[in-house]
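Visitor: One file: run13.txt (compact mmCIF, C-alpha atoms and all ligand atoms).
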# COMPACT_ATOMS: atom_id res chain seq x y z
CA MET A 1 101.67 -47.18 44.05
CA THR A 2 99.11 -45.04 42.32
CA SER A 3 97.43 -41.83 43.44
CA HIS A 4 94.21 -43.83 43.66
CA ASP A 5 95.75 -46.19 46.23
CA THR A 6 96.90 -43.45 48.54
CA ARG A 7 93.75 -41.40 48.22
CA ASN A 8 91.90 -44.31 49.78
CA ALA A 9 94.57 -44.79 52.39
CA GLY A 10 94.70 -41.14 53.41
CA LEU A 11 93.90 -39.21 56.53
CA SER A 12 92.93 -35.64 57.12
CA ARG A 13 95.73 -33.48 58.49
CA ARG A 14 94.04 -33.40 61.91
CA GLU A 15 93.90 -37.22 61.97
CA ALA A 16 97.46 -37.45 60.74
CA LEU A 17 98.65 -35.32 63.62
CA LYS A 18 96.87 -37.61 66.06
CA VAL A 19 98.72 -40.56 64.58
CA ALA A 20 101.96 -38.64 64.97
CA GLY A 21 101.33 -38.73 68.72
CA LEU A 22 102.02 -42.48 68.60
CA GLY A 23 105.69 -41.55 68.60
CA ALA A 24 105.79 -41.96 72.38
CA ALA A 25 104.87 -45.63 71.94
CA GLY A 26 107.81 -46.21 69.66
CA LEU A 27 105.95 -45.77 66.39
CA ALA A 28 106.61 -42.37 64.88
CA VAL A 29 105.09 -40.74 61.86
CA GLY A 30 107.92 -38.28 61.60
CA GLY A 31 107.83 -35.00 59.79
CA LEU A 32 104.06 -34.66 59.69
CA PRO A 33 103.80 -31.20 61.25
CA LEU A 34 107.02 -29.99 59.69
CA GLY A 35 106.56 -31.68 56.33
CA ALA A 36 103.05 -30.26 56.03
CA LEU A 37 104.46 -26.79 56.41
CA GLY A 38 107.06 -27.36 53.75
CA SER A 39 109.96 -27.38 56.15
CA SER A 40 112.17 -30.28 57.08
CA CYS A 41 111.99 -33.26 59.36
CA VAL A 42 115.18 -33.86 61.25
CA ALA A 43 115.83 -37.03 63.19
CA SER A 44 119.07 -37.78 64.95
CA VAL A 45 120.45 -41.11 66.05
CA GLY A 46 123.50 -41.59 68.22
CA PRO A 47 125.71 -39.02 69.91
CA PRO A 48 125.57 -35.36 68.93
CA ALA A 49 127.69 -34.16 66.05
CA GLY A 50 131.16 -33.08 67.04
CA GLY A 51 132.80 -36.41 67.85
CA ARG A 52 131.44 -37.97 64.70
CA GLU A 53 133.09 -38.04 61.33
CA LEU A 54 130.74 -37.41 58.41
CA VAL A 55 131.34 -40.20 55.91
CA ALA A 56 128.89 -39.03 53.26
CA ARG A 57 125.83 -36.93 52.63
CA ILE A 58 123.36 -38.61 50.29
CA GLY A 59 120.32 -37.20 48.53
CA HIS A 60 117.46 -39.74 48.41
CA LEU A 61 115.15 -38.68 45.58
CA SER A 62 112.18 -41.00 45.30
CA ASP A 63 109.12 -41.13 43.08
CA THR A 64 110.10 -38.56 40.48
CA HIS A 65 107.35 -39.86 38.15
CA VAL A 66 108.43 -37.83 35.12
CA GLN A 67 105.97 -37.46 32.27
CA PRO A 68 105.33 -34.94 29.48
CA GLU A 69 102.48 -33.39 31.47
CA ARG A 70 102.45 -30.97 34.43
CA ARG A 71 106.02 -29.69 33.86
CA ALA A 72 107.39 -32.80 35.55
CA ALA A 73 110.82 -32.58 33.87
CA GLU A 74 111.13 -28.96 34.97
CA GLY A 75 110.19 -30.07 38.49
CA LEU A 76 112.84 -32.78 38.54
CA GLU A 77 115.46 -30.33 37.27
CA ALA A 78 114.42 -27.82 39.95
CA CYS A 79 114.91 -30.55 42.55
CA LEU A 80 118.32 -31.49 41.14
CA ALA A 81 119.36 -27.83 41.15
CA HIS A 82 118.29 -27.56 44.79
CA VAL A 83 120.24 -30.67 45.78
CA GLN A 84 123.41 -29.42 44.08
CA ALA A 85 123.16 -25.85 45.37
CA ARG A 86 123.15 -26.90 49.01
CA LYS A 87 125.77 -25.34 51.26
CA ASP A 88 126.09 -28.72 52.97
CA LYS A 89 127.32 -30.50 49.87
CA VAL A 90 125.71 -33.75 48.82
CA ASP A 91 128.18 -36.42 47.68
CA LEU A 92 125.85 -38.64 45.70
CA ILE A 93 122.22 -39.21 44.81
CA ILE A 94 120.16 -42.36 45.18
CA THR A 95 116.88 -42.41 43.28
CA GLY A 96 114.22 -44.43 45.07
CA GLY A 97 112.14 -45.82 42.21
CA ASP A 98 109.11 -44.80 40.17
CA SER A 99 111.46 -42.71 38.05
CA ILE A 100 108.78 -42.27 35.38
CA MET A 101 105.03 -41.85 35.74
CA ASP A 102 104.36 -45.36 34.54
CA CYS A 103 105.38 -48.03 32.07
CA PHE A 104 103.88 -50.98 33.94
CA GLU A 105 100.77 -50.63 31.84
CA GLN A 106 101.97 -48.43 28.99
CA ASN A 107 102.91 -49.20 25.39
CA GLU A 108 106.37 -48.82 23.91
CA ALA A 109 105.82 -45.32 22.48
CA ARG A 110 104.63 -43.84 25.77
CA THR A 111 107.40 -45.62 27.67
CA THR A 112 110.06 -44.31 25.27
CA LEU A 113 108.72 -40.79 25.70
CA GLN A 114 108.93 -40.93 29.49
CA TRP A 115 112.40 -42.47 29.70
CA ASP A 116 113.66 -39.89 27.18
CA ILE A 117 112.41 -37.11 29.43
CA TRP A 118 113.98 -38.75 32.46
CA GLN A 119 117.35 -39.20 30.75
CA LYS A 120 117.41 -35.62 29.44
CA ALA A 121 116.57 -34.15 32.86
CA TRP A 122 119.44 -36.01 34.53
CA LYS A 123 121.90 -35.32 31.74
CA HIS A 124 121.04 -31.65 31.70
CA GLY A 125 120.50 -31.08 35.40
CA ASN A 126 122.90 -33.27 37.35
CA SER A 127 126.62 -33.64 37.80
CA LEU A 128 126.66 -35.86 40.91
CA PRO A 129 127.11 -39.65 40.92
CA VAL A 130 123.71 -41.37 40.80
CA HIS A 131 122.56 -44.86 41.81
CA SER A 132 119.00 -45.97 41.16
CA VAL A 133 116.39 -48.29 42.63
CA VAL A 134 113.65 -49.84 40.50
CA GLY A 135 110.04 -48.94 41.30
CA ASN A 136 106.87 -50.69 40.19
CA HIS A 137 106.14 -47.96 37.65
CA ASP A 138 109.60 -48.51 36.08
CA VAL A 139 108.81 -52.12 35.13
CA TRP A 140 107.69 -52.24 31.53
CA GLY A 141 104.60 -54.09 30.46
CA TRP A 142 103.84 -56.53 33.27
CA ASN A 143 100.22 -55.51 32.83
CA LYS A 144 100.09 -57.17 29.43
CA GLY A 145 96.45 -56.27 28.86
CA ASP A 146 97.02 -52.53 28.99
CA SER A 147 100.63 -52.38 27.74
CA ARG A 148 100.00 -54.76 24.82
CA CYS A 149 103.35 -56.40 25.61
CA THR A 150 103.82 -60.09 24.82
CA GLY A 151 106.74 -60.54 27.21
CA GLN A 152 109.10 -61.24 24.29
CA GLU A 153 110.15 -57.60 23.85
CA LEU A 154 113.88 -56.97 24.29
CA ARG A 155 113.34 -54.37 27.00
CA TYR A 156 110.37 -56.07 28.67
CA GLY A 157 110.06 -55.96 32.44
CA LYS A 158 113.05 -54.51 34.31
CA LYS A 159 115.47 -54.62 31.37
CA TRP A 160 114.52 -51.13 30.20
CA ALA A 161 115.03 -49.59 33.65
CA CYS A 162 118.35 -51.43 34.08
CA GLU A 163 119.49 -50.05 30.73
CA MET A 164 118.55 -46.54 31.87
CA PHE A 165 120.39 -47.09 35.16
CA GLY A 166 123.45 -48.40 33.34
CA ARG A 167 123.66 -51.82 34.93
CA GLU A 168 122.85 -55.45 34.25
CA ARG A 169 120.95 -56.39 37.37
CA SER A 170 118.04 -54.76 39.17
CA PHE A 171 119.71 -55.03 42.62
CA THR A 172 123.21 -54.16 43.68
CA SER A 173 125.40 -52.89 46.52
CA PHE A 174 128.45 -50.69 46.88
CA ASP A 175 130.65 -49.04 49.47
CA VAL A 176 130.58 -45.30 50.04
CA PRO A 177 134.06 -44.16 51.11
CA SER A 178 134.52 -41.28 53.52
CA ARG A 179 134.64 -37.80 52.05
CA SER A 180 137.56 -37.04 54.42
CA PRO A 181 140.93 -37.57 52.76
CA GLY A 182 142.93 -40.31 54.45
CA SER A 183 139.98 -41.71 56.37
CA ALA A 184 139.26 -45.43 56.13
CA ALA A 185 135.64 -44.99 57.27
CA LYS A 186 132.88 -46.13 54.93
CA TRP A 187 129.23 -47.15 54.71
CA HIS A 188 127.85 -50.04 52.70
CA VAL A 189 124.73 -49.29 50.65
CA VAL A 190 122.38 -52.00 49.36
CA LEU A 191 119.89 -51.19 46.61
CA LEU A 192 117.08 -53.75 46.56
CA ASP A 193 114.58 -54.57 43.85
CA SER A 194 111.20 -54.68 45.61
CA ILE A 195 109.10 -55.60 42.60
CA ALA A 196 107.89 -59.19 42.19
CA HIS A 197 105.03 -60.75 40.24
CA ASP A 198 101.81 -61.07 42.19
CA PRO A 199 101.13 -64.81 42.37
CA ASN A 200 97.39 -64.05 42.46
CA ASP A 201 97.27 -61.57 39.60
CA PRO A 202 99.15 -62.08 36.31
CA HIS A 203 98.93 -58.32 35.66
CA GLY A 204 100.01 -57.19 39.12
CA TYR A 205 102.99 -56.90 41.46
CA ILE A 206 103.82 -57.31 45.12
CA GLY A 207 106.77 -56.18 47.24
CA GLU A 208 109.12 -59.16 47.57
CA LEU A 209 112.74 -60.02 46.89
CA GLY A 210 112.33 -63.58 45.67
CA ASP A 211 114.77 -66.43 46.26
CA GLU A 212 117.67 -65.34 44.04
CA GLN A 213 117.83 -61.82 45.47
CA THR A 214 117.32 -63.00 49.04
CA ASP A 215 120.27 -65.41 48.69
CA TRP A 216 122.34 -62.62 47.17
CA LEU A 217 121.41 -60.25 50.03
CA LYS A 218 122.35 -62.84 52.65
CA SER A 219 125.77 -63.37 51.10
CA ASP A 220 126.31 -59.65 50.53
CA LEU A 221 125.65 -58.98 54.22
CA ALA A 222 127.66 -62.01 55.38
CA ALA A 223 130.72 -60.80 53.48
CA LEU A 224 130.76 -57.48 55.30
CA ASP A 225 133.09 -56.43 58.02
CA ARG A 226 130.80 -56.04 61.06
CA ALA A 227 132.20 -52.58 61.72
CA THR A 228 130.87 -51.21 58.42
CA PRO A 229 127.45 -49.58 58.87
CA VAL A 230 124.82 -50.50 56.28
CA MET A 231 122.00 -48.52 54.65
CA ILE A 232 119.41 -50.44 52.64
CA VAL A 233 117.20 -48.79 50.02
CA SER A 234 114.05 -50.37 48.57
CA HIS A 235 111.17 -48.82 46.65
CA ILE A 236 108.36 -50.48 48.59
CA PRO A 237 108.71 -50.10 52.38
CA ILE A 238 109.94 -53.07 54.40
CA LEU A 239 108.32 -51.47 57.45
CA SER A 240 106.32 -48.24 57.55
CA ALA A 241 103.53 -46.69 59.57
CA THR A 242 102.25 -44.96 56.42
CA VAL A 243 100.48 -48.16 55.36
CA LEU A 244 98.25 -47.86 58.46
CA LEU A 245 96.99 -44.36 57.78
CA GLY A 246 93.81 -45.42 55.99
CA GLU A 247 90.45 -46.12 57.59
CA PRO A 248 89.48 -49.65 58.67
CA ASN A 249 86.90 -51.38 56.47
CA LYS A 250 83.31 -52.19 57.48
CA ALA A 251 84.52 -55.22 59.43
CA HIS A 252 86.86 -52.87 61.38
CA VAL A 253 89.87 -54.47 59.77
CA ARG A 254 92.80 -52.55 58.36
CA GLU A 255 93.75 -54.14 55.10
CA VAL A 256 97.42 -53.80 54.25
CA GLY A 257 98.23 -55.35 50.91
CA SER A 258 101.64 -56.59 49.80
CA GLY A 259 101.62 -53.90 47.15
CA VAL A 260 102.35 -51.31 49.85
CA ILE A 261 104.64 -53.24 52.20
CA HIS A 262 107.05 -56.09 51.49
CA ALA A 263 105.35 -59.50 51.66
CA ASP A 264 108.65 -60.86 52.96
CA SER A 265 108.99 -58.11 55.56
CA THR A 266 109.09 -60.55 58.50
CA LYS A 267 111.87 -62.61 56.91
CA LEU A 268 113.85 -59.48 56.15
CA ARG A 269 113.49 -58.09 59.65
CA ASP A 270 114.68 -61.43 61.05
CA LEU A 271 117.66 -61.33 58.71
CA PHE A 272 118.44 -57.75 59.72
CA ALA A 273 118.37 -58.80 63.40
CA GLN A 274 121.43 -60.97 62.66
CA HIS A 275 123.35 -57.95 61.37
CA SER A 276 123.67 -55.17 63.90
CA SER A 277 125.57 -53.15 61.31
CA ILE A 278 122.29 -52.46 59.45
CA LYS A 279 121.30 -49.00 60.62
CA CYS A 280 118.61 -47.72 58.30
CA CYS A 281 116.26 -48.82 55.53
CA LEU A 282 114.90 -46.17 53.15
CA SER A 283 111.85 -46.44 50.94
CA GLY A 284 109.54 -44.41 48.74
CA HIS A 285 106.34 -45.59 47.00
CA MET A 286 103.90 -44.17 49.57
CA HIS A 287 104.48 -40.45 48.76
CA ARG A 288 104.38 -39.90 52.52
CA ILE A 289 106.92 -39.33 55.24
CA ASP A 290 107.50 -41.44 58.31
CA ARG A 291 110.04 -43.21 60.42
CA VAL A 292 109.70 -46.41 62.41
CA ASP A 293 112.50 -47.52 64.75
CA PHE A 294 112.34 -51.24 65.32
CA ARG A 295 114.91 -53.68 66.72
CA GLY A 296 117.82 -51.35 66.14
CA VAL A 297 116.94 -50.45 62.56
CA SER A 298 115.33 -47.16 61.49
CA TYR A 299 112.88 -47.48 58.59
CA LEU A 300 112.31 -44.18 56.79
CA CYS A 301 109.69 -43.63 54.12
CA ASN A 302 111.07 -40.59 52.37
CA GLY A 303 108.25 -38.79 50.56
CA ALA A 304 108.25 -37.99 46.85
CA VAL A 305 109.95 -35.52 44.54
CA SER A 306 106.63 -35.39 42.65
CA GLY A 307 104.53 -34.87 45.83
CA ASN A 308 101.03 -35.76 44.73
CA TRP A 309 102.17 -36.94 41.27
CA TRP A 310 102.92 -33.32 40.30
CA LYS A 311 99.55 -32.07 41.54
CA GLY A 312 100.79 -30.42 44.74
CA ALA A 313 101.26 -31.85 48.23
CA HIS A 314 100.11 -35.36 49.05
CA TYR A 315 98.77 -35.06 52.61
CA GLU A 316 101.80 -34.06 54.72
CA CYS A 317 104.17 -34.78 51.87
CA ASN A 318 105.24 -31.75 49.87
CA GLU A 319 107.40 -32.19 46.79
CA GLY A 320 110.79 -32.97 48.29
CA TYR A 321 113.71 -35.27 48.91
CA ALA A 322 115.59 -36.68 51.86
CA VAL A 323 119.13 -35.86 52.90
CA MET A 324 120.90 -38.66 54.75
CA GLU A 325 124.07 -37.80 56.65
CA LEU A 326 126.00 -40.97 57.38
CA TYR A 327 128.59 -40.93 60.18
CA SER A 328 131.58 -43.17 60.88
CA ASP A 329 130.15 -44.41 64.20
CA GLY A 330 127.08 -45.84 62.43
CA SER A 331 124.80 -42.97 63.44
CA PHE A 332 122.96 -40.88 60.88
CA ASP A 333 120.84 -37.77 60.54
CA ALA A 334 117.87 -37.60 58.20
CA ALA A 335 115.99 -34.57 56.92
CA TYR A 336 113.16 -34.13 54.43
CA GLU A 337 113.74 -31.05 52.31
CA THR A 338 111.32 -29.28 50.00
CA TYR A 339 112.65 -27.48 46.96
CA GLY A 340 110.02 -24.80 46.47
CA TRP A 341 108.09 -26.41 43.64
CA LYS A 342 104.74 -24.83 42.78
CA ALA A 343 102.51 -27.39 41.13
CA GLU A 344 100.65 -26.46 37.98
CA ARG A 345 97.01 -25.81 38.71
CA ALA A 346 94.72 -28.58 37.44
ZN ZN B 1 105.71 -47.16 43.62
Is it possible to give me this structure as structure tokens?
Ligand SMILES: [Zn+2]

Guide:
Amino acid sequence: MTSHDTRNAGLSRREALKVAGLGAAGLAVGGLPLGALGSSCVASVGPPAGGRELVARIGHLSDTHVQPERRAAEGLEACLAHVQARKDKVDLIITGGDSIMDCFEQNEARTTLQWDIWQKAWKHGNSLPVHSVVGNHDVWGWNKGDSRCTGQELRYGKKWACEMFGRERSFTSFDVPSRSPGSAAKWHVVLLDSIAHDPNDPHGYIGELGDEQTDWLKSDLAALDRATPVMIVSHIPILSATVLLGEPNKAHVREVGSGVIHADSTKLRDLFAQHSSIKCCLSGHMHRIDRVDFRGVSYLCNGAVSGNWWKGAHYECNEGYAVMELYSDGSFDAAYETYGWKAERA
């Protein structure tokens, strides 16, 4: 999404804290008080640590939005340094989309510049394994008017991002083996591609998997051993309370577009209900922090490395990343961690 979108959807801090009170009704905007103070939001599921075996600790770094301006590359490298200096070692990183500021409506030169910065920051600043999710701003040229793309370019659409991520397809899945030697425990991680053409706007996008990816997801899940816990990562939320934080319109209606929440969210939630091994779904896109627990699945919107697109905090969301601790019994802990970034003054 863009900063313009969220500005309109925003709440004052006082209002945000009121919304956080909804937690008692089963809808929690987690991390608001803590995140606003630059600390962490910790949420535990399942039995207390002790009897649980830690399978893996994963850094979820979403919405890095690198660009030549506002020392964004330096910010990303500071975040990577923070992730790798942790005493509680992170095993791998998942990037949550919107890697670069934007190429959806940018020309080839500007897109090259941004991906170059992104590649250099990772090459220079990271030694952990990385898996990446595609965000709307990583899709080159779908706004043909502004990008001047014809659609015939070799790296048009998601091809450029896939090349940067080192894979053929925009969605994938893999197993994460236990960090404990000799253990057979594992988690299965699914990386979805949220970005689909908007059927009502040739220059726009919506959150949707589409038929091919939906079929793939169904067979990927069906092939799993039921005892293997699953974590799903998308850029656009499948379910999130953050999309409700704006004011109703004059007709007292809250408008929630399919650019901020998956259009196929209902179908996906029904599919997830058939797979009790699905434990959590992570997203980015909103540059805000929340958690919704629904029908046995926890949906976590995990903030933004860039905060307010490198202009400081975005409401309760300071520049930060999530740490997911995945346990052998299917439980997990989640925390939102800031990395001490001081945004350049405008
Ligand atoms: Zn986005």

Visitor: Around ligand ZN 1 (chain B), which protein and nucleic acid residues have at least one atom no more than 6 Å from it, if we count all atoms listed in the file? List them as JSON, numbers by chain.

Guide: {"A": [1, 98, 135, 136, 285]}

Visitor: Given all atoms listed in the file as the basis, pick out the residue of A:Leu209, A:Ala241, A:Leu80, A:Ala223 nearest to Leu192 in chain A.

Guide: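 Selected residue with least distance to Leu192 in chain A: A:Leu209.
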
Visitor: At what distance in Å, to one decimal, does CA of Lys120 in chain A lie from CA of Gln84 in chain A?

Guide: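 So the two atoms, CA of Gln84 in chain A and CA of Lys120 in chain A, lie 17.0 Å apart.
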
Visitor: Taking all atoms listed in the file into account, name the residue in A:Gly330, A:Gly303, A:Pro202, A:Gly312 that is nearest to Gly284 in chain A.

Guide: A:Gly303

Visitor: Which of these, A:Ala304, A:Ala251, A:Ala335, A:Ala78, has the shortest distance to Thr64 in chain A once you count all atoms listed in the file?

Guide: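 For Thr64 in chain A, the nearest of the given residues is A:Ala304.
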
Visitor: Please list as a VMD selection string every residue within 8 Å of range 161-168 of chain A, counting all atoms listed in the file and excluding residues in the same chain fewer than 3 positions away.

Guide: chain A and resid 115 119 131 to 132 134 138 to 139 158

Visitor: Can you tell me, as JSON, numbers by chain, what residues are no more than 6 Å from Tyr299 in chain A when counting all atoms listed in the file, ignoring any on the same chain fewer than 4 positions away?

Guide: {"A": [280, 281, 282, 291, 292]}

Visitor: Pick from A:Asp293, A:Glu337, A:Glu255, A:Glu77: nearest to Lys123 in chain A, with all atoms listed in the file counted?

Guide: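 Going through A:Asp293, A:Glu337, A:Glu255, A:Glu77 one by one, the smallest distance to Lys123 in chain A is for A:Glu77.
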
Visitor: Using only C-alpha atoms, which protein or nucleic acid residues come within 7 Å of Glu325 in chain A? Drop anything in the same chain fewer than 4 positions from it, and give the result as a list in words.

Guide: Leu54, Ala56, Arg57, Ile58, Phe332, Asp333 and Ala334 of chain A

Visitor: At what distance in Å, to one decimal, does CA of Phe171 in chain A lie from CA of Trp216 in chain A?

Guide: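 Separation between CA of Trp216 in chain A and CA of Phe171 in chain A: 9.2 Å.
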
Visitor: Of the residues A:Val253, A:Ala185, A:Ala263, A:Val243, which is the one nearest to His287 in chain A, using all atoms listed in the file?

Guide: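 Of all the options, A:Val243 lies closest to His287 in chain A.
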
Visitor: With distances taken over all atoms listed in the file, which residue among A:Ile117, A:Met286, A:Leu268, A:Ala227 lies nearest Leu244 in chain A?

Guide: A:Met286

Visitor: Which residues are close to Ile93 in chain A, i.e. within 7 Å by all atoms listed in the file, leaving aside same-chain residues fewer than 6 positions away? Reply as a ChimeraX atom specification.

Guide: /A:58-60,128-131

Visitor: Those same residues, written as an mmCIF file, keeping the file's coordinate frame with C-alpha atoms?

Guide:
data_model
loop_
_atom_site.group_PDB
_atom_site.id
_atom_site.type_symbol
_atom_site.label_atom_id
_atom_site.label_comp_id
_atom_site.auth_asym_id
_atom_site.auth_seq_id
_atom_site.Cartn_x
_atom_site.Cartn_y
_atom_site.Cartn_z
ATOM 1 C CA ILE A 58 123.360 -38.610 50.290
ATOM 2 C CA GLY A 59 120.320 -37.200 48.530
ATOM 3 C CA HIS A 60 117.460 -39.740 48.410
ATOM 4 C CA LEU A 128 126.660 -35.860 40.910
ATOM 5 C CA PRO A 129 127.110 -39.650 40.920
ATOM 6 C CA VAL A 130 123.710 -41.370 40.800
ATOM 7 C CA HIS A 131 122.560 -44.860 41.810
#

Visitor: Leaving out Arg269 in chain A and any residue of its chain fewer than 3 positions from it, which residues lie within 12 Å of it when counting all atoms listed in the file, given as a PyMOL selection string?

Guide: chain A and resi 232+237-239+262-266+272-276+278+280-281+293-299

Visitor: Could you save those same residues with C-alpha atoms as a PDB file, in the frame of the given file?

Guide:
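Heads up, here's the output in selection11.pdb:
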ATOM      1  CA  ILE A 232     119.410 -50.440  52.640  1.00  0.00           C
ATOM      2  CA  PRO A 237     108.710 -50.100  52.380  1.00  0.00           C
ATOM      3  CA  ILE A 238     109.940 -53.070  54.400  1.00  0.00           C
ATOM      4  CA  LEU A 239     108.320 -51.470  57.450  1.00  0.00           C
ATOM      5  CA  HIS A 262     107.050 -56.090  51.490  1.00  0.00           C
ATOM      6  CA  ALA A 263     105.350 -59.500  51.660  1.00  0.00           C
ATOM      7  CA  ASP A 264     108.650 -60.860  52.960  1.00  0.00           C
ATOM      8  CA  SER A 265     108.990 -58.110  55.560  1.00  0.00           C
ATOM      9  CA  THR A 266     109.090 -60.550  58.500  1.00  0.00           C
ATOM     10  CA  PHE A 272     118.440 -57.750  59.720  1.00  0.00           C
ATOM     11  CA  ALA A 273     118.370 -58.800  63.400  1.00  0.00           C
ATOM     12  CA  GLN A 274     121.430 -60.970  62.660  1.00  0.00           C
ATOM     13  CA  HIS A 275     123.350 -57.950  61.370  1.00  0.00           C
ATOM     14  CA  SER A 276     123.670 -55.170  63.900  1.00  0.00           C
ATOM     15  CA  ILE A 278     122.290 -52.460  59.450  1.00  0.00           C
ATOM     16  CA  CYS A 280     118.610 -47.720  58.300  1.00  0.00           C
ATOM     17  CA  CYS A 281     116.260 -48.820  55.530  1.00  0.00           C
ATOM     18  CA  ASP A 293     112.500 -47.520  64.750  1.00  0.00           C
ATOM     19  CA  PHE A 294     112.340 -51.240  65.320  1.00  0.00           C
ATOM     20  CA  ARG A 295     114.910 -53.680  66.720  1.00  0.00           C
ATOM     21  CA  GLY A 296     117.820 -51.350  66.140  1.00  0.00           C
ATOM     22  CA  VAL A 297     116.940 -50.450  62.560  1.00  0.00           C
ATOM     23  CA  SER A 298     115.330 -47.160  61.490  1.00  0.00           C
ATOM     24  CA  TYR A 299     112.880 -47.480  58.590  1.00  0.00           C
TER      25      TYR A 299
END
